[in-house]
Structure formats: C-alpha cells, structure tokens
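Have a look at run30.txt; it's compact mmCIF, C-alpha atoms:
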# COMPACT_ATOMS: atom_id res chain seq x y z
CA MET A 1 51.01 -0.55 27.79
CA ARG A 2 48.29 -2.78 29.24
CA PHE A 3 45.97 0.23 29.50
CA ARG A 4 46.59 1.10 25.84
CA VAL A 5 45.92 -2.50 24.76
CA GLU A 6 42.63 -2.61 26.73
CA ARG A 7 41.57 0.72 25.18
CA PHE A 8 42.35 -0.64 21.72
CA GLN A 9 40.37 -3.84 22.40
CA LEU A 10 37.39 -1.83 23.66
CA LEU A 11 37.52 0.44 20.60
CA LEU A 12 37.69 -2.62 18.33
CA ILE A 13 34.64 -4.16 20.02
CA ILE A 14 32.69 -0.92 19.60
CA MET A 15 33.64 -0.67 15.91
CA VAL A 16 32.69 -4.30 15.18
CA THR A 17 29.40 -3.95 17.05
CA ALA A 18 28.54 -0.78 15.15
CA ALA A 19 29.32 -2.50 11.84
CA LEU A 20 27.11 -5.47 12.72
CA ILE A 21 24.25 -3.17 13.66
CA ALA A 22 24.67 -1.21 10.43
CA ASP A 23 24.60 -4.45 8.38
CA SER A 24 21.48 -5.67 10.15
CA VAL A 25 19.44 -2.53 9.50
CA ALA A 26 18.37 -2.10 5.87
CA PRO A 27 18.59 1.55 4.86
CA ALA A 28 15.44 3.24 3.60
CA PRO A 29 15.45 3.59 -0.16
CA ALA A 30 16.51 7.04 -1.32
CA GLN A 31 13.78 9.16 -2.90
CA THR A 32 13.84 11.90 -5.47
CA GLY A 33 12.76 15.31 -4.28
CA GLU A 34 9.53 15.83 -6.21
CA TRP A 35 6.05 14.42 -5.81
CA LYS A 36 4.10 14.03 -9.05
CA GLN A 37 0.36 14.47 -8.55
CA LEU A 38 -1.62 11.83 -10.46
CA PHE A 39 -4.93 13.52 -9.55
CA ASP A 40 -5.30 17.26 -10.09
CA GLY A 41 -8.43 17.76 -7.95
CA LYS A 42 -10.44 18.79 -11.01
CA ASP A 43 -11.13 15.79 -13.22
CA LEU A 44 -10.11 12.20 -13.95
CA VAL A 45 -7.98 12.87 -17.02
CA GLY A 46 -5.33 10.14 -17.11
CA TRP A 47 -7.57 7.67 -15.28
CA LYS A 48 -9.95 4.99 -16.56
CA HIS A 49 -12.70 3.04 -14.80
CA VAL A 50 -13.47 -0.64 -15.37
CA GLY A 51 -16.08 -2.90 -13.81
CA PRO A 52 -19.33 -1.99 -12.02
CA GLY A 53 -19.93 1.34 -10.31
CA GLU A 54 -18.03 4.52 -11.05
CA MET A 55 -15.91 7.26 -9.54
CA THR A 56 -16.57 10.97 -9.80
CA VAL A 57 -14.88 14.18 -8.69
CA GLU A 58 -16.86 16.10 -6.05
CA ASP A 59 -15.51 19.19 -4.28
CA GLY A 60 -11.99 18.35 -5.39
CA LEU A 61 -12.16 14.74 -4.17
CA ILE A 62 -12.49 11.40 -5.94
CA ARG A 63 -15.67 9.69 -4.67
CA THR A 64 -16.53 6.01 -5.02
CA HIS A 65 -19.95 4.83 -6.23
CA GLY A 66 -21.12 1.24 -6.21
CA GLY A 67 -18.91 -1.55 -7.40
CA MET A 68 -17.01 -3.73 -7.38
CA GLY A 69 -14.89 -1.87 -9.88
CA LEU A 70 -11.69 0.11 -10.03
CA LEU A 71 -10.27 3.34 -11.35
CA TYR A 72 -6.74 2.84 -12.67
CA TRP A 73 -4.04 5.28 -13.76
CA THR A 74 -3.39 4.94 -17.48
CA GLY A 75 0.08 6.53 -17.41
CA GLY A 76 1.90 3.20 -17.46
CA LYS A 77 3.39 0.67 -15.07
CA LEU A 78 5.02 1.86 -11.86
CA GLY A 79 7.94 0.39 -9.95
CA ASP A 80 10.75 1.62 -7.67
CA CYS A 81 8.60 4.41 -6.33
CA VAL A 82 6.51 5.64 -3.42
CA LEU A 83 2.78 6.00 -3.98
CA ARG A 84 1.05 8.37 -1.53
CA VAL A 85 -2.73 8.12 -1.18
CA VAL A 86 -4.71 10.40 1.14
CA PHE A 87 -8.23 9.12 1.80
CA LYS A 88 -11.14 9.17 4.23
CA MET A 89 -14.22 7.07 4.80
CA ARG A 90 -17.67 8.65 4.66
CA ASP A 91 -18.88 6.58 7.61
CA LYS A 92 -17.06 5.28 10.65
CA ASN A 93 -15.91 2.41 8.46
CA ASP A 94 -16.08 1.82 4.71
CA ASN A 95 -14.35 -0.61 2.36
CA SER A 96 -12.02 0.24 -0.52
CA GLY A 97 -8.43 -0.41 -1.52
CA VAL A 98 -5.38 0.67 -3.50
CA TYR A 99 -4.24 -1.71 -6.23
CA ILE A 100 -0.55 -2.11 -7.02
CA ARG A 101 1.61 -4.36 -9.22
CA ILE A 102 -1.22 -5.07 -11.72
CA PRO A 103 0.60 -6.98 -14.48
CA ILE A 104 -1.37 -5.74 -17.50
CA GLU A 105 -3.74 -2.86 -18.21
CA PRO A 106 -7.08 -3.79 -16.58
CA ARG A 107 -10.10 -4.60 -18.72
CA GLU A 108 -12.33 -5.91 -15.91
CA ALA A 109 -12.40 -5.74 -12.13
CA TRP A 110 -11.20 -9.16 -10.97
CA MET A 111 -7.88 -9.56 -12.78
CA PRO A 112 -6.25 -6.84 -10.57
CA VAL A 113 -7.58 -8.63 -7.48
CA HIS A 114 -6.08 -11.99 -8.42
CA TYR A 115 -2.84 -10.99 -10.12
CA GLY A 116 -1.91 -7.68 -8.49
CA TYR A 117 -2.07 -6.75 -4.81
CA GLU A 118 -4.81 -4.81 -3.07
CA VAL A 119 -3.58 -2.66 -0.21
CA GLN A 120 -6.71 -2.89 1.89
CA ILE A 121 -8.89 -0.09 3.24
CA ASP A 122 -11.20 -1.58 5.90
CA ASN A 123 -10.76 -0.92 9.62
CA HIS A 124 -13.29 -3.55 10.75
CA PRO A 125 -12.89 -6.73 8.66
CA GLU A 126 -14.55 -8.72 11.43
CA THR A 127 -17.87 -7.20 10.33
CA SER A 128 -17.68 -9.47 7.26
CA GLN A 129 -16.24 -12.44 9.21
CA GLU A 130 -12.70 -11.65 8.06
CA ASP A 131 -9.56 -11.27 10.18
CA ASP A 132 -6.43 -9.13 10.60
CA TYR A 133 -5.13 -10.22 7.20
CA HIS A 134 -7.90 -8.06 5.73
CA ILE A 135 -7.39 -4.82 7.68
CA THR A 136 -6.33 -1.39 6.42
CA GLY A 137 -2.72 -1.31 5.22
CA THR A 138 -2.27 -5.04 4.62
CA LEU A 139 -1.81 -6.75 1.28
CA TYR A 140 -5.33 -8.13 1.27
CA SER A 141 -5.41 -11.66 2.74
CA MET A 142 -1.63 -12.00 2.28
CA THR A 143 0.03 -10.15 5.17
CA LYS A 144 -0.72 -9.78 8.86
CA PRO A 145 -0.53 -6.15 10.05
CA LEU A 146 2.42 -5.00 12.11
CA ALA A 147 0.08 -2.37 13.64
CA HIS A 148 -3.49 -1.09 13.49
CA ALA A 149 -3.16 2.49 12.28
CA GLY A 150 -6.35 3.25 10.35
CA LYS A 151 -8.45 6.26 11.35
CA PRO A 152 -12.26 6.05 11.21
CA GLY A 153 -14.37 8.29 9.02
CA PRO A 154 -14.43 11.16 8.51
CA GLU A 155 -10.76 11.54 9.56
CA TRP A 156 -8.12 11.68 6.84
CA ASN A 157 -5.59 8.87 6.43
CA THR A 158 -2.24 9.07 4.64
CA MET A 159 -0.95 5.84 3.13
CA GLU A 160 2.52 5.59 1.59
CA ILE A 161 3.26 2.45 -0.41
CA THR A 162 6.89 1.86 -1.35
CA LEU A 163 7.58 -0.41 -4.32
CA ASP A 164 11.30 -1.19 -4.17
CA GLY A 165 12.03 -4.03 -6.57
CA PRO A 166 10.42 -7.14 -5.02
CA HIS A 167 9.82 -5.36 -1.71
CA THR A 168 6.52 -3.74 -0.72
CA THR A 169 6.24 -1.52 2.36
CA VAL A 170 3.06 0.16 3.55
CA VAL A 171 3.16 3.02 6.06
CA LEU A 172 -0.22 4.27 7.28
CA ASN A 173 -0.44 7.55 9.19
CA GLY A 174 3.28 7.35 9.93
CA VAL A 175 3.15 3.74 11.19
CA LYS A 176 4.54 0.75 9.28
CA VAL A 177 1.75 -1.78 8.73
CA THR A 178 3.19 -4.08 6.04
CA GLU A 179 6.68 -5.23 5.09
CA PHE A 180 6.63 -7.89 2.37
CA THR A 181 9.11 -9.39 -0.08
CA GLU A 182 8.15 -11.59 -3.01
CA GLY A 183 8.53 -15.20 -1.92
CA ASP A 184 7.63 -14.55 1.73
CA PRO A 185 5.17 -17.17 3.04
CA VAL A 186 1.47 -16.26 2.87
CA PRO A 187 -1.54 -18.07 4.33
CA ALA A 188 -3.76 -20.31 2.25
CA LYS A 189 -6.94 -18.79 0.83
CA LYS A 190 -9.86 -18.77 3.28
CA PHE A 191 -12.53 -17.40 0.92
CA PRO A 192 -13.09 -17.98 -2.81
CA PHE A 193 -12.98 -14.22 -3.47
CA GLU A 194 -9.46 -13.87 -2.06
CA PRO A 195 -6.64 -13.31 -4.57
CA GLU A 196 -4.69 -16.10 -6.18
CA ARG A 197 -1.34 -16.76 -4.55
CA GLY A 198 1.89 -16.37 -6.48
CA PRO A 199 4.50 -13.78 -7.46
CA ARG A 200 3.63 -10.27 -8.67
CA PRO A 201 5.67 -8.17 -11.10
CA GLN A 202 8.16 -5.55 -9.95
CA GLU A 203 6.35 -3.00 -12.14
CA GLY A 204 2.60 -2.74 -12.65
CA TYR A 205 -0.45 -0.54 -12.99
CA VAL A 206 -2.02 1.08 -9.93
CA GLY A 207 -5.65 1.83 -9.15
CA LEU A 208 -8.34 2.68 -6.60
CA GLN A 209 -11.17 0.33 -5.70
CA ASN A 210 -14.87 1.14 -5.42
CA HIS A 211 -16.23 -1.73 -3.37
CA SER A 212 -20.04 -1.50 -3.08
CA GLU A 213 -23.05 0.81 -2.81
CA ASN A 214 -22.74 0.77 0.98
CA ASP A 215 -19.07 1.76 1.00
CA VAL A 216 -18.15 5.36 0.19
CA VAL A 217 -14.51 6.48 0.31
CA PHE A 218 -13.03 9.84 -0.74
CA PHE A 219 -9.51 10.30 -2.13
CA LYS A 220 -7.89 13.72 -1.79
CA GLU A 221 -4.44 12.96 -3.14
CA VAL A 222 -2.74 10.33 -5.26
CA ALA A 223 0.92 11.22 -5.73
CA LEU A 224 4.08 9.52 -6.97
CA LYS A 225 7.73 9.88 -6.05
CA MET A 226 10.40 7.82 -7.78
CA LEU A 227 13.19 6.05 -5.89
CA LYS A 228 16.81 6.80 -6.70
CA LYS A 229 18.54 3.76 -8.15

Represent the structure contained in this file as structure tokens.
Amino acid sequence: MRFRVERFQLLLIIMVTAALIADSVAPAPAQTGEWKQLFDGKDLVGWKHVGPGEMTVEDGLIRTHGGMGLLYWTGGKLGDCVLRVVFKMRDKNDNSGVYIRIPIEPREAWMPVHYGYEVQIDNHPETSQEDDYHITGTLYSMTKPLAHAGKPGPEWNTMEITLDGPHTTVVLNGVKVTEFTEGDPVPAKKFPFEPERGPRPQEGYVGLQNHSENDVVFFKEVALKMLKK
C-alpha cells in the first residue's frame, strides 16, 4: 500500500510540474498554410513610394536609392500575421529598415518613423554613435536585442516579423532578436531623430526604408502569412 501511495504522489508531482511548465511557456501563434507574395519580382505594382529617394526593381530585386524615404504596401493595414522579408546589404554594412504598425497611409517619410515601428537593418550602429537598441532586428531605439544575428553584405538575411495583437516578435536568420508587447518599458529618447514613444496600433501599414545615398539594400522577398485566430 505504501509503495502504491508513493507512486501516486510521484505521478501527481510530475503531472503538476508538467502543467506548470506548460502554463509558463506561451505557445507560438498558429499560422495558415500559405504565404502571399507582396512583391512579384517584376515590378512595384501595389506599392507606393513617399519621401526622398526611390526604389526600383533590378534583376528581380527591390533596390534602394537615396533617402530618407519609404516604399509602403498599399494593400491595406496588416495585423495578426507574419511578415517575411529577405534582404541583403550591398556593402559589408548598410542601413535600412522594415516599417510595421503604421497607423495611417503614409504621405511623407517621418510619420511612419514616429508613429509606427521600424524594425532596424544596421549591423554596426556604433559607426553612427548609436548602440544595441539600433541594431538589426530591434524595434529601432525601443528594444535591446536578445541576440546579434545579422549577416554582413552580400549575404542574404531572412527576417520574420510576427504581429500577434499587441505582441511583436522578430526572428532574424532563425534567431529571436526581439520580443515586445505594447506597454513594455522602453528607454528615453537619446537622439532627436528617434521615434516618439507611445502605443502603436494592432493593425497598420508596412513598408521598406531607403535610408541614404550611401546605404544600398536589396530585397528579394516580401511575403505575408496570416495567423489563425
């Protein structure tokens, strides 16, 4: 009898422990099976550029020119989805970004900076006297990276940005770099060009940044997969 009681107690401990572990680990949001390509490799139909500079299609790739401007997708606001962006830098390091959660359709370049989020593309922010809060895969100036996963030019990088309600997750080359929930603490602004602090919408426009004449970045794929809700 004592042996059976001890076995039962051990089994109960294992079951409770397993339940606690399961409760403490948030499951990954379920995805639908199909990726929708927002860029067809041929032209920029469905996209619109605002601000200085431009973007063109060269050899099946979107190429940045000058700036600071952005190319945004005109198909409407996105939320509860995964955005996959495959990009490479022309040089060892170049600056760009992926905009998310832009509250209204852009008409100039700075509103998306201040009222959306820029998922940064810049492997060496220290070159411009910036820090880890400005490195590839972070929400620019808002989040500190969980890892440094950016590949230098001309290697390809794959960035997957999950917008799950108020949660934003960025995985770069298979490594989680950012995990952020609206309301999480963020540092005070260090530079006047950094975005305004405050909440962002759960749905918004998305876009690609062209940063300056000296920064050339190529985008091979921009794709969308909705989350199951």

Within 10 Å of (-12.0, -1.0, -17.8) (file coordinates; all atoms listed in the file), which protein or nucleic acid residues are there? I'd like them as a list in words.
Lys48, His49, Val50, Gly51, Pro52, Gly69, Leu70, Leu71, Tyr72, Glu105, Pro106, Arg107, Glu108 and Ala109 of chain A

Could you work out how far atom CA of Met142 of chain A lies from atom CA of Glu194 of chain A, giving the answer in Å with one decimal?
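If I compute the distance from atom CA of Glu194 of chain A to atom CA of Met142 of chain A, I get 9.1 Å.
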
Mind pulling up the distance from atom CA of Ile161 of chain A to atom CA of Ala147 of chain A?
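Distance between the two atoms: 15.2 Å.
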
Selected residue, from A:Gln129, A:Asp80, A:Ile100, A:Asn173, that lies nearest to Gly116 of chain A when counting all atoms listed in the file:
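Using all atoms listed in the file, Gly116 of chain A sits closest to A:Ile100.
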
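Residues in contact with Glu54 of chain A at up to 12 Å, not including ones fewer than 6 positions away on its chain and judged by all atoms listed in the file, are Leu44, Trp47, Lys48, Ile62, Arg63, Thr64, His65, Gly66, Gly67, Met68, Gly69, Leu70, Leu71, Tyr72, Ala109, Leu208, Gln209, Asn210, His211, Ser212, Glu213 and Val216 of chain A.
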
Can you work out the spacing between atom CA of Val57 of chain A and atom CA of Phe87 of chain A in Å, to one decimal?
13.4 Å

Segment 88-94 of chain A environment, 6 Å, all atoms listed in the file, sequence neighbours closer than 4 positions dropped, as a PyMOL selection string
chain A and resi 152-157+215-218

Non-local contacts of Ile104 of chain A (9 Å; all atoms listed in the file; under 3 positions in same chain excluded) as a VMD selection string:
chain A and resid 77 101 107 111 to 112 204 to 205

Taking only C-alpha atoms into account, name the residue in A:Gly46, A:Pro166, A:Gly174, A:Pro201 that is nearest to Gly150 of chain A.
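The answer is A:Gly174, which sits nearest to Gly150 of chain A.
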
Rank nothing, just name the residue among A:Leu146, A:Pro187, A:Gly41, A:Asn95 nearest to Thr169 of chain A, using all atoms listed in the file.
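Of A:Leu146, A:Pro187, A:Gly41, A:Asn95, the one nearest Thr169 of chain A is A:Leu146, counting all atoms listed in the file.
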
Counting all atoms listed in the file, the residue of A:Lys229, A:Lys189, A:Thr74, A:Thr56 that sits nearest Lys42 of chain A:
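The closest residue to Lys42 of chain A is A:Thr56.
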
If we count only C-alpha atoms, what is near Pro192 of chain A at a cut-off of 12 Å, once residues fewer than 3 positions away on the same chain are taken out, given as a ChimeraX atom specification?
/A:113-114,141,188-189,195-197

Counting all atoms listed in the file, figure out which residue out of A:Met226, A:Ile135, A:Met55, A:Trp110 gets nearest to Phe193 of chain A.
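Of A:Met226, A:Ile135, A:Met55, A:Trp110, the one nearest Phe193 of chain A is A:Trp110, counting all atoms listed in the file.
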
At a cut-off of 7 Å around the point (2.2, 2.2, 14.4) (file coordinates), what residues fall inside when counting only C-alpha atoms? I'd like the answer as a PyMOL selection string.
chain A and resi 147-149+174-177

Nearby residues (all atoms listed in the file) at most 7 Å from segment 158-160 of chain A, same-chain spacing under 2 positions excluded, as a ChimeraX atom specification
/A:82-87,156,162,170-173
